[in-house]
$ cat my_file.cif   # mmCIF, C-alpha atoms and all ligand atoms
data_start
#
loop_
_atom_site.label_atom_id
_atom_site.label_comp_id
_atom_site.auth_asym_id
_atom_site.auth_seq_id
_atom_site.Cartn_x
_atom_site.Cartn_y
_atom_site.Cartn_z
CA MET A 213 -14.74 1.76 -12.59
CA ARG A 214 -12.36 4.02 -14.54
CA HIS A 215 -9.67 4.76 -11.95
CA LEU A 216 -8.78 3.61 -8.44
CA LEU A 217 -7.69 6.75 -6.61
CA THR A 218 -9.20 6.53 -3.14
CA THR A 219 -11.25 4.26 -0.89
CA THR A 220 -13.38 7.15 0.37
CA ASP A 221 -16.26 6.81 -2.05
CA LEU A 222 -15.92 3.16 -3.05
CA PRO A 223 -19.37 1.58 -2.69
CA ARG A 224 -19.61 -1.60 -0.64
CA GLU A 225 -20.68 -3.60 -3.73
CA THR A 226 -17.54 -2.52 -5.62
CA VAL A 227 -15.30 -3.45 -2.70
CA THR A 228 -16.97 -6.83 -2.36
CA ALA A 229 -16.71 -7.46 -6.12
CA LEU A 230 -12.97 -6.65 -6.06
CA LEU A 231 -12.36 -8.89 -3.03
CA ASP A 232 -14.39 -11.72 -4.59
CA THR A 233 -12.41 -11.45 -7.84
CA ALA A 234 -9.13 -11.47 -5.90
CA GLU A 235 -10.23 -14.61 -4.06
CA ALA A 236 -11.31 -16.29 -7.30
CA LEU A 237 -7.98 -15.46 -8.94
CA LYS A 238 -6.13 -16.82 -5.92
CA GLN A 239 -8.07 -20.10 -6.14
CA ALA A 240 -7.60 -20.27 -9.91
CA LEU A 241 -3.82 -19.96 -9.57
CA LEU A 242 -3.45 -22.23 -6.53
CA GLY A 243 -1.08 -25.11 -7.19
CA ARG A 244 -0.63 -24.16 -10.84
CA GLU A 245 2.83 -24.70 -12.21
CA VAL A 246 2.45 -22.00 -14.84
CA ARG A 247 0.92 -18.87 -13.31
CA LYS A 248 -0.19 -17.12 -16.47
CA LEU A 249 -3.71 -16.09 -17.47
CA PRO A 250 -4.33 -14.53 -20.90
CA THR A 251 -6.72 -11.85 -19.53
CA LEU A 252 -4.66 -8.71 -20.25
CA ARG A 253 -2.78 -9.85 -23.34
CA GLY A 254 -1.91 -6.84 -25.51
CA ARG A 255 -2.42 -4.34 -22.65
CA THR A 256 0.37 -2.14 -21.34
CA VAL A 257 0.64 -1.24 -17.66
CA VAL A 258 3.19 1.38 -16.58
CA THR A 259 4.29 1.69 -12.95
CA LEU A 260 5.52 5.24 -12.30
CA PHE A 261 7.19 5.49 -8.89
CA TYR A 262 8.45 8.77 -7.42
CA GLU A 263 8.97 7.12 -4.01
CA ASN A 264 10.71 3.94 -2.90
CA SER A 265 8.81 0.71 -2.84
CA THR A 266 9.42 -3.03 -2.59
CA ARG A 267 6.04 -4.70 -2.10
CA THR A 268 3.65 -2.42 -3.95
CA ARG A 269 5.70 -2.03 -7.08
CA ALA A 270 6.79 -5.65 -7.36
CA SER A 271 3.28 -6.94 -6.74
CA PHE A 272 1.77 -4.68 -9.41
CA GLU A 273 4.41 -5.95 -11.80
CA ILE A 274 3.77 -9.59 -10.90
CA ALA A 275 -0.01 -9.04 -11.06
CA GLY A 276 0.25 -7.57 -14.55
CA LYS A 277 2.61 -10.31 -15.75
CA TRP A 278 0.50 -13.15 -14.35
CA MET A 279 -2.34 -11.76 -16.48
CA SER A 280 -0.08 -11.45 -19.57
CA ALA A 281 0.02 -7.62 -19.68
CA ASP A 282 3.21 -5.90 -20.79
CA VAL A 283 4.54 -4.13 -17.70
CA VAL A 284 6.98 -1.22 -17.86
CA ASN A 285 8.54 0.13 -14.66
CA ILE A 286 9.69 3.73 -14.35
CA SER A 287 11.39 5.22 -11.29
CA ALA A 288 11.73 8.96 -10.96
CA SER A 289 15.44 8.65 -10.21
CA GLY A 290 16.28 6.81 -13.43
CA SER A 291 13.96 8.80 -15.72
CA SER A 292 13.71 12.29 -17.23
CA VAL A 293 12.03 13.36 -13.98
CA ALA A 294 15.58 13.63 -12.65
CA LYS A 295 16.26 16.08 -15.52
CA GLY A 296 13.39 18.29 -14.39
CA GLU A 297 10.45 16.95 -16.42
CA SER A 298 7.07 17.72 -14.84
CA LEU A 299 4.56 15.10 -13.75
CA ARG A 300 2.16 16.30 -16.43
CA ASP A 301 4.69 15.97 -19.27
CA THR A 302 5.80 12.58 -17.97
CA ALA A 303 2.18 11.43 -17.93
CA LEU A 304 1.42 12.76 -21.42
CA THR A 305 4.54 11.01 -22.73
CA LEU A 306 3.44 7.68 -21.27
CA ALA A 307 -0.07 8.12 -22.65
CA ALA A 308 1.32 8.98 -26.09
CA MET A 309 3.26 5.71 -26.09
CA GLY A 310 0.02 3.81 -25.61
CA ALA A 311 -0.02 2.97 -21.90
CA ASP A 312 -3.43 1.57 -20.97
CA CYS A 313 -2.94 2.03 -17.25
CA VAL A 314 -0.56 4.09 -15.11
CA VAL A 315 0.12 2.97 -11.53
CA ILE A 316 1.54 5.97 -9.71
CA ARG A 317 3.26 6.51 -6.36
CA HIS A 318 4.13 10.09 -5.53
CA PRO A 319 5.16 12.05 -2.39
CA ALA A 320 2.50 14.72 -3.04
CA SER A 321 -1.01 14.09 -1.74
CA GLY A 322 -3.41 14.44 -4.68
CA ALA A 323 -0.86 13.55 -7.40
CA ALA A 324 -2.86 10.54 -8.63
CA HIS A 325 -6.02 12.65 -8.95
CA ARG A 326 -4.12 15.27 -10.96
CA LEU A 327 -2.72 12.60 -13.23
CA ALA A 328 -6.21 11.21 -13.86
CA SER A 329 -7.38 14.66 -14.97
CA TRP A 330 -4.60 14.94 -17.59
CA VAL A 331 -4.60 11.57 -19.34
CA SER A 332 -7.21 9.25 -20.74
CA THR A 333 -5.46 6.11 -19.44
CA HIS A 334 -6.69 4.31 -16.35
CA VAL A 335 -4.91 5.51 -13.21
CA ILE A 336 -4.25 3.53 -10.03
CA ASN A 337 -3.05 5.32 -6.91
CA ALA A 338 -0.21 3.29 -5.38
CA GLY A 339 0.27 5.83 -2.57
CA ASP A 340 0.11 9.66 -2.75
CA GLY A 341 1.88 11.43 0.10
CA THR A 342 0.02 11.00 3.37
CA HIS A 343 -3.33 10.76 1.57
CA GLN A 344 -4.41 7.36 0.18
CA HIS A 345 -3.15 3.89 -0.71
CA PRO A 346 -6.29 2.06 -1.83
CA THR A 347 -4.78 -1.27 -2.93
CA GLN A 348 -3.11 -1.64 0.48
CA ALA A 349 -6.50 -1.25 2.16
CA LEU A 350 -8.02 -3.78 -0.23
CA LEU A 351 -5.32 -6.36 0.48
CA ASP A 352 -5.69 -5.77 4.20
CA ALA A 353 -9.45 -6.27 3.90
CA ALA A 354 -8.87 -9.45 1.86
CA THR A 355 -6.54 -10.79 4.56
CA LEU A 356 -8.94 -9.92 7.38
CA ARG A 357 -11.85 -11.49 5.52
CA GLU A 358 -9.85 -14.70 5.11
CA ARG A 359 -8.84 -14.81 8.76
CA LEU A 360 -12.02 -13.49 10.43
CA GLY A 361 -14.72 -14.50 7.95
CA THR A 362 -16.45 -11.13 7.97
CA LEU A 363 -15.56 -7.57 8.87
CA ASN A 364 -19.05 -6.70 9.98
CA GLY A 365 -18.94 -5.54 13.61
CA ARG A 366 -15.24 -6.41 13.97
CA ILE A 367 -13.01 -4.04 15.91
CA VAL A 368 -9.79 -3.10 14.14
CA THR A 369 -7.21 -1.22 16.20
CA ILE A 370 -4.76 0.85 14.15
CA VAL A 371 -1.59 1.71 16.06
CA GLY A 372 1.17 4.26 15.58
CA ASP A 373 1.94 7.00 13.09
CA VAL A 374 -1.59 7.71 11.89
CA LEU A 375 -0.63 11.30 11.09
CA HIS A 376 1.63 10.37 8.16
CA SER A 377 -0.10 7.18 7.12
CA ARG A 378 -1.95 6.85 3.82
CA VAL A 379 -2.41 3.20 4.77
CA ALA A 380 -4.43 4.24 7.84
CA ARG A 381 -6.55 6.74 5.89
CA SER A 382 -7.40 4.24 3.16
CA ASN A 383 -8.09 1.47 5.65
CA ILE A 384 -10.31 3.55 7.90
CA GLU A 385 -12.62 4.44 5.01
CA LEU A 386 -12.65 0.96 3.47
CA LEU A 387 -13.06 -1.02 6.68
CA ILE A 388 -15.89 1.23 7.87
CA THR A 389 -17.60 0.67 4.51
CA LEU A 390 -17.31 -3.07 5.18
CA GLY A 391 -18.93 -2.65 8.60
CA ALA A 392 -15.86 -2.67 10.88
CA ARG A 393 -15.32 -0.37 13.86
CA ILE A 394 -12.01 1.46 13.99
CA HIS A 395 -10.07 2.32 17.13
CA LEU A 396 -6.90 4.40 16.78
CA VAL A 397 -4.07 4.21 19.32
CA ALA A 398 -1.21 6.70 18.95
CA PRO A 399 0.70 9.39 20.78
CA PRO A 400 -1.28 12.67 20.53
CA THR A 401 1.47 14.14 18.32
CA LEU A 402 0.95 11.42 15.69
CA LEU A 403 -2.82 11.86 15.32
CA PRO A 404 -4.20 14.21 12.67
CA TRP A 405 -6.25 17.21 13.69
CA GLY A 406 -9.98 16.40 13.76
CA VAL A 407 -9.45 12.65 13.57
CA GLN A 408 -12.41 12.10 15.92
CA ASN A 409 -14.70 13.12 13.06
CA TRP A 410 -13.32 10.59 10.59
CA GLY A 411 -15.87 8.09 9.42
CA LYS A 412 -18.69 10.51 10.24
CA GLY A 413 -19.15 11.77 6.67
CA PRO A 414 -22.48 11.96 4.80
CA ASN A 415 -24.31 8.63 4.61
CA ARG A 416 -21.92 7.18 7.18
CA GLU A 417 -24.49 7.02 9.96
CA GLU A 418 -26.38 4.11 8.47
CA ARG A 419 -23.33 2.10 7.45
CA GLY A 420 -20.61 2.85 9.95
CA TRP A 421 -19.46 4.38 13.19
CA PRO A 422 -17.09 7.26 13.85
CA VAL A 423 -13.58 6.21 14.78
CA THR A 424 -12.63 6.13 18.45
CA VAL A 425 -9.27 7.34 19.67
CA GLY A 426 -7.07 6.35 22.61
CA HIS A 427 -3.48 6.50 23.76
CA ASP A 428 -3.18 3.30 25.76
CA LEU A 429 -2.42 0.12 23.83
CA ASP A 430 -2.69 -2.24 26.80
CA THR A 431 -6.33 -1.36 27.48
CA ALA A 432 -7.26 -1.48 23.76
CA LEU A 433 -5.88 -4.93 22.91
CA PRO A 434 -8.25 -7.26 24.83
CA GLY A 435 -11.27 -6.02 22.87
CA THR A 436 -9.64 -6.14 19.47
CA ASP A 437 -10.26 -8.53 16.54
CA ALA A 438 -7.33 -7.22 14.51
CA VAL A 439 -4.43 -4.96 15.28
CA MET A 440 -2.80 -3.06 12.43
CA MET A 441 0.65 -1.76 13.26
CA LEU A 442 1.94 1.23 11.25
CA ARG A 443 5.50 2.15 10.40
CA VAL A 444 6.87 5.31 11.99
CA GLN A 445 7.45 7.39 8.83
CA ALA A 446 10.67 9.18 9.75
CA GLU A 447 11.09 10.45 6.17
CA ARG A 448 7.92 12.55 6.55
CA MET A 449 8.79 13.89 10.02
CA HIS A 450 10.36 17.28 10.48
CA GLY A 451 10.66 17.69 14.22
CA GLY A 452 10.38 15.60 17.36
CA PHE A 453 7.12 13.69 17.45
CA PHE A 454 8.20 11.45 20.34
CA PRO A 455 11.20 11.50 22.70
CA SER A 456 13.09 8.45 21.39
CA ALA A 457 12.61 5.16 19.54
CA ARG A 458 12.92 3.35 22.87
CA GLU A 459 10.17 5.36 24.52
CA TYR A 460 7.92 4.95 21.48
CA SER A 461 8.47 1.22 21.64
CA ILE A 462 7.65 1.03 25.36
CA SER A 463 4.26 2.70 24.85
CA TYR A 464 3.26 1.65 21.34
CA GLY A 465 5.38 -1.35 20.32
CA LEU A 466 3.61 -4.68 19.87
CA THR A 467 5.64 -6.89 22.19
CA GLU A 468 5.24 -10.56 23.06
CA ALA A 469 3.60 -9.58 26.38
CA ARG A 470 1.09 -7.38 24.54
CA LEU A 471 0.35 -10.16 22.07
CA ARG A 472 -0.93 -12.18 25.03
CA LEU A 473 -3.49 -9.46 25.78
CA LEU A 474 -5.24 -10.07 22.44
CA PRO A 475 -8.14 -12.50 22.18
CA GLU A 476 -7.25 -15.95 20.78
CA HIS A 477 -8.68 -15.27 17.30
CA ALA A 478 -7.15 -11.80 16.83
CA VAL A 479 -4.96 -11.07 13.81
CA VAL A 480 -1.81 -8.94 13.62
CA LEU A 481 -1.19 -6.90 10.44
CA HIS A 482 1.63 -4.64 9.27
CA PRO A 483 1.82 -3.12 5.77
CA GLY A 484 5.62 -3.21 5.76
CA PRO A 485 8.34 -2.16 5.70
CA MET A 486 8.60 -3.06 9.40
CA LEU A 487 10.93 -1.61 11.96
CA ARG A 488 11.40 -4.80 13.94
CA GLY A 489 12.14 -4.27 17.58
CA MET A 490 10.59 -0.80 17.57
CA GLU A 491 6.99 -1.04 16.30
CA ILE A 492 6.78 -4.79 16.48
CA ALA A 493 8.87 -7.48 18.20
CA HIS A 494 10.64 -10.17 16.14
CA SER A 495 8.70 -12.93 17.89
CA VAL A 496 5.36 -11.23 17.12
CA VAL A 497 6.19 -10.96 13.41
CA ASP A 498 6.98 -14.66 13.36
CA SER A 499 3.98 -15.76 15.45
CA PRO A 500 1.03 -17.57 13.82
CA ARG A 501 -1.21 -14.62 14.82
CA ALA A 502 0.65 -12.40 12.35
CA ALA A 503 -0.77 -12.36 8.83
CA ILE A 504 2.02 -10.24 7.38
CA ALA A 505 3.17 -12.73 4.72
CA GLU A 506 -0.48 -13.35 3.82
CA GLN A 507 -0.96 -9.62 3.30
CA VAL A 508 1.90 -9.60 0.81
CA ARG A 509 0.57 -12.71 -0.95
CA ASN A 510 -2.94 -11.28 -1.16
CA GLY A 511 -1.45 -8.05 -2.51
CA VAL A 512 -0.72 -9.76 -5.81
CA HIS A 513 -4.25 -11.17 -6.18
CA VAL A 514 -5.91 -7.92 -5.13
CA ARG A 515 -3.84 -5.98 -7.69
CA MET A 516 -4.72 -8.55 -10.34
CA ALA A 517 -8.38 -7.99 -9.46
CA VAL A 518 -8.03 -4.20 -9.70
CA LEU A 519 -6.28 -4.43 -13.10
CA TYR A 520 -8.93 -6.86 -14.26
CA HIS A 521 -11.82 -4.61 -13.19
CA LEU A 522 -10.24 -1.53 -14.78
CA LEU A 523 -8.93 -3.04 -18.00
CA ALA A 524 -10.91 -6.13 -18.84
CA ALA A 525 -14.21 -6.51 -17.00
CA GLN A 526 -16.28 -3.92 -18.89
CA GLU A 527 -15.03 -5.23 -22.21
CA GLU A 528 -15.89 -8.77 -21.22
CA GLN A 529 -19.41 -7.72 -20.17
CA ALA A 530 -19.89 -5.90 -23.51
C1 LIG B 601 3.30 1.63 2.97
C2 LIG B 601 3.38 2.86 2.09
O1 LIG B 601 4.28 3.01 1.27
O2 LIG B 601 2.48 3.65 2.24
N1 LIG B 601 4.01 0.54 2.48
C3 LIG B 601 3.43 -0.27 1.56
O3 LIG B 601 2.96 0.17 0.53
N2 LIG B 601 3.38 -1.58 1.84
C4 LIG B 601 3.56 1.92 4.39
C5 LIG B 601 4.89 2.49 4.78
O4 LIG B 601 5.72 2.83 3.96
O5 LIG B 601 5.09 2.60 5.98
#
$ encode --input "my_file.cif" --output "structure tokens"
Amino acid sequence: MRHLLTTTDLPRETVTALLDTAEALKQALLGREVRKLPTLRGRTVVTLFYENSTRTRASFEIAGKWMSADVVNISASGSSVAKGESLRDTALTLAAMGADCVVIRHPASGAAHRLASWVSTHVINAGDGTHQHPTQALLDAATLRERLGTLNGRIVTIVGDVLHSRVARSNIELLITLGARIHLVAPPTLLPWGVQNWGKGPNREERGWPVTVGHDLDTALPGTDAVMMLRVQAERMHGGFFPSAREYSISYGLTEARLRLLPEHAVVLHPGPMLRGMEIAHSVVDSPRAAIAEQVRNGVHVRMAVLYHLLAAQEEQA
């Protein structure tokens, strides 16, 4: 694997290998006082963020540091990007300095792919516009695998702003590859055009099912193994997609009463940042059904696994 840009064409064996490595790293670090492996000593990882982030950026940094890489963080606002430097020149500058891997987040869909065509460093997509966020999908899959054992035949209901969500796009592709069935619940205005055909691509027939779509959360929850709540991405909305936050919450918020509609074993996920009280009630976030803190924890191990597979695994095999 040279880059990690999308989950769309990740083969099942690659996904399983990444999740297995993440699990092994988690076990290896469990209870250790000093969380430092020598695996990436002498390697330089640059995080290049053109959009805000708490979890993704910090967990890439921690992942790199726990494997002894040198990690450099660049934000657009504090860099020469603010002086007008292009993405291409920024990338070439980082490559010239000897970066081995660039982790990029950018508001433009496709930015990570462009970057990968300009530089010879490894590129990881940490979120490009509304397009893809592959490490989020991997950490969600890792969390679901831990909680549910397998994803094969499981029904995952994704709720909310699917239209603007790279998390939803990455998860739909990855979870279908792992054998899950995806049901989307959203107001019609927050569903992308043609969403009914997602998951139907070439070779999908033998390994997955097309997504199903509905607008009623109460009828969807009883048959669900996992419910993934999405943030309403106000920063990407230009216009009224729903009447008010209160009305959105009444129809699509995961309340305590709705939590009771889920089967006993069902898991609640949210990629964060959460809008508590709107998308998800305080008590639901804090309930034992919610695996939100586990998602964040697994995010570090999954990102360690991705860095390992990109930067160290081939070398080790050789
Ligand atoms: C998500 C993102 O940035 O795409 N957050 C994350 O990475 N954990 C989801 C969001 O911002 O709503």
$ residues_near_ligand --input "my_file.cif" --ligand "ligand LIG 601 (chain B)" --cutoff "9 Å" --atoms "only C-alpha atoms and all ligand atoms" --output "MDAnalysis selection string"
chainID A and resid 263:269 317 338:342 344:345 347:348 373 376:380 442:445 482:486 508
$ atom_distance --input "my_file.cif" --atom1 "CA of Leu522 in chain A" --atom2 "CA of Leu360 in chain A"
28.0 Å
$ residues_around --input "my_file.cif" --residues "Thr305 in chain A" --least-positions-apart "3" --cutoff "12 Å" --atoms "all atoms listed in the file" --output "PyMOL selection string"
chain A and resi 258+260+291-293+297-302+308-311+314+330-331+333
$ residues_near_point --input "my_file.cif" --point "(4.8, -9.1, 20.1)" --cutoff "7 Å" --atoms "all atoms listed in the file" --output "list of chain:residue names"
A:Leu466, A:Thr467, A:Glu468, A:Ala469, A:Arg470, A:Leu471, A:Ile492, A:Ala493, A:Ser495, A:Val496
$ atom_distance --input "my_file.cif" --atom1 "CA of Arg359 in chain A" --atom2 "CA of Pro404 in chain A"
29.6 Å
$ residues_around --input "my_file.cif" --residues "Ala281 in chain A" --least-positions-apart "2" --cutoff "12 Å" --atoms "all atoms listed in the file" --output "count of residues only"
29
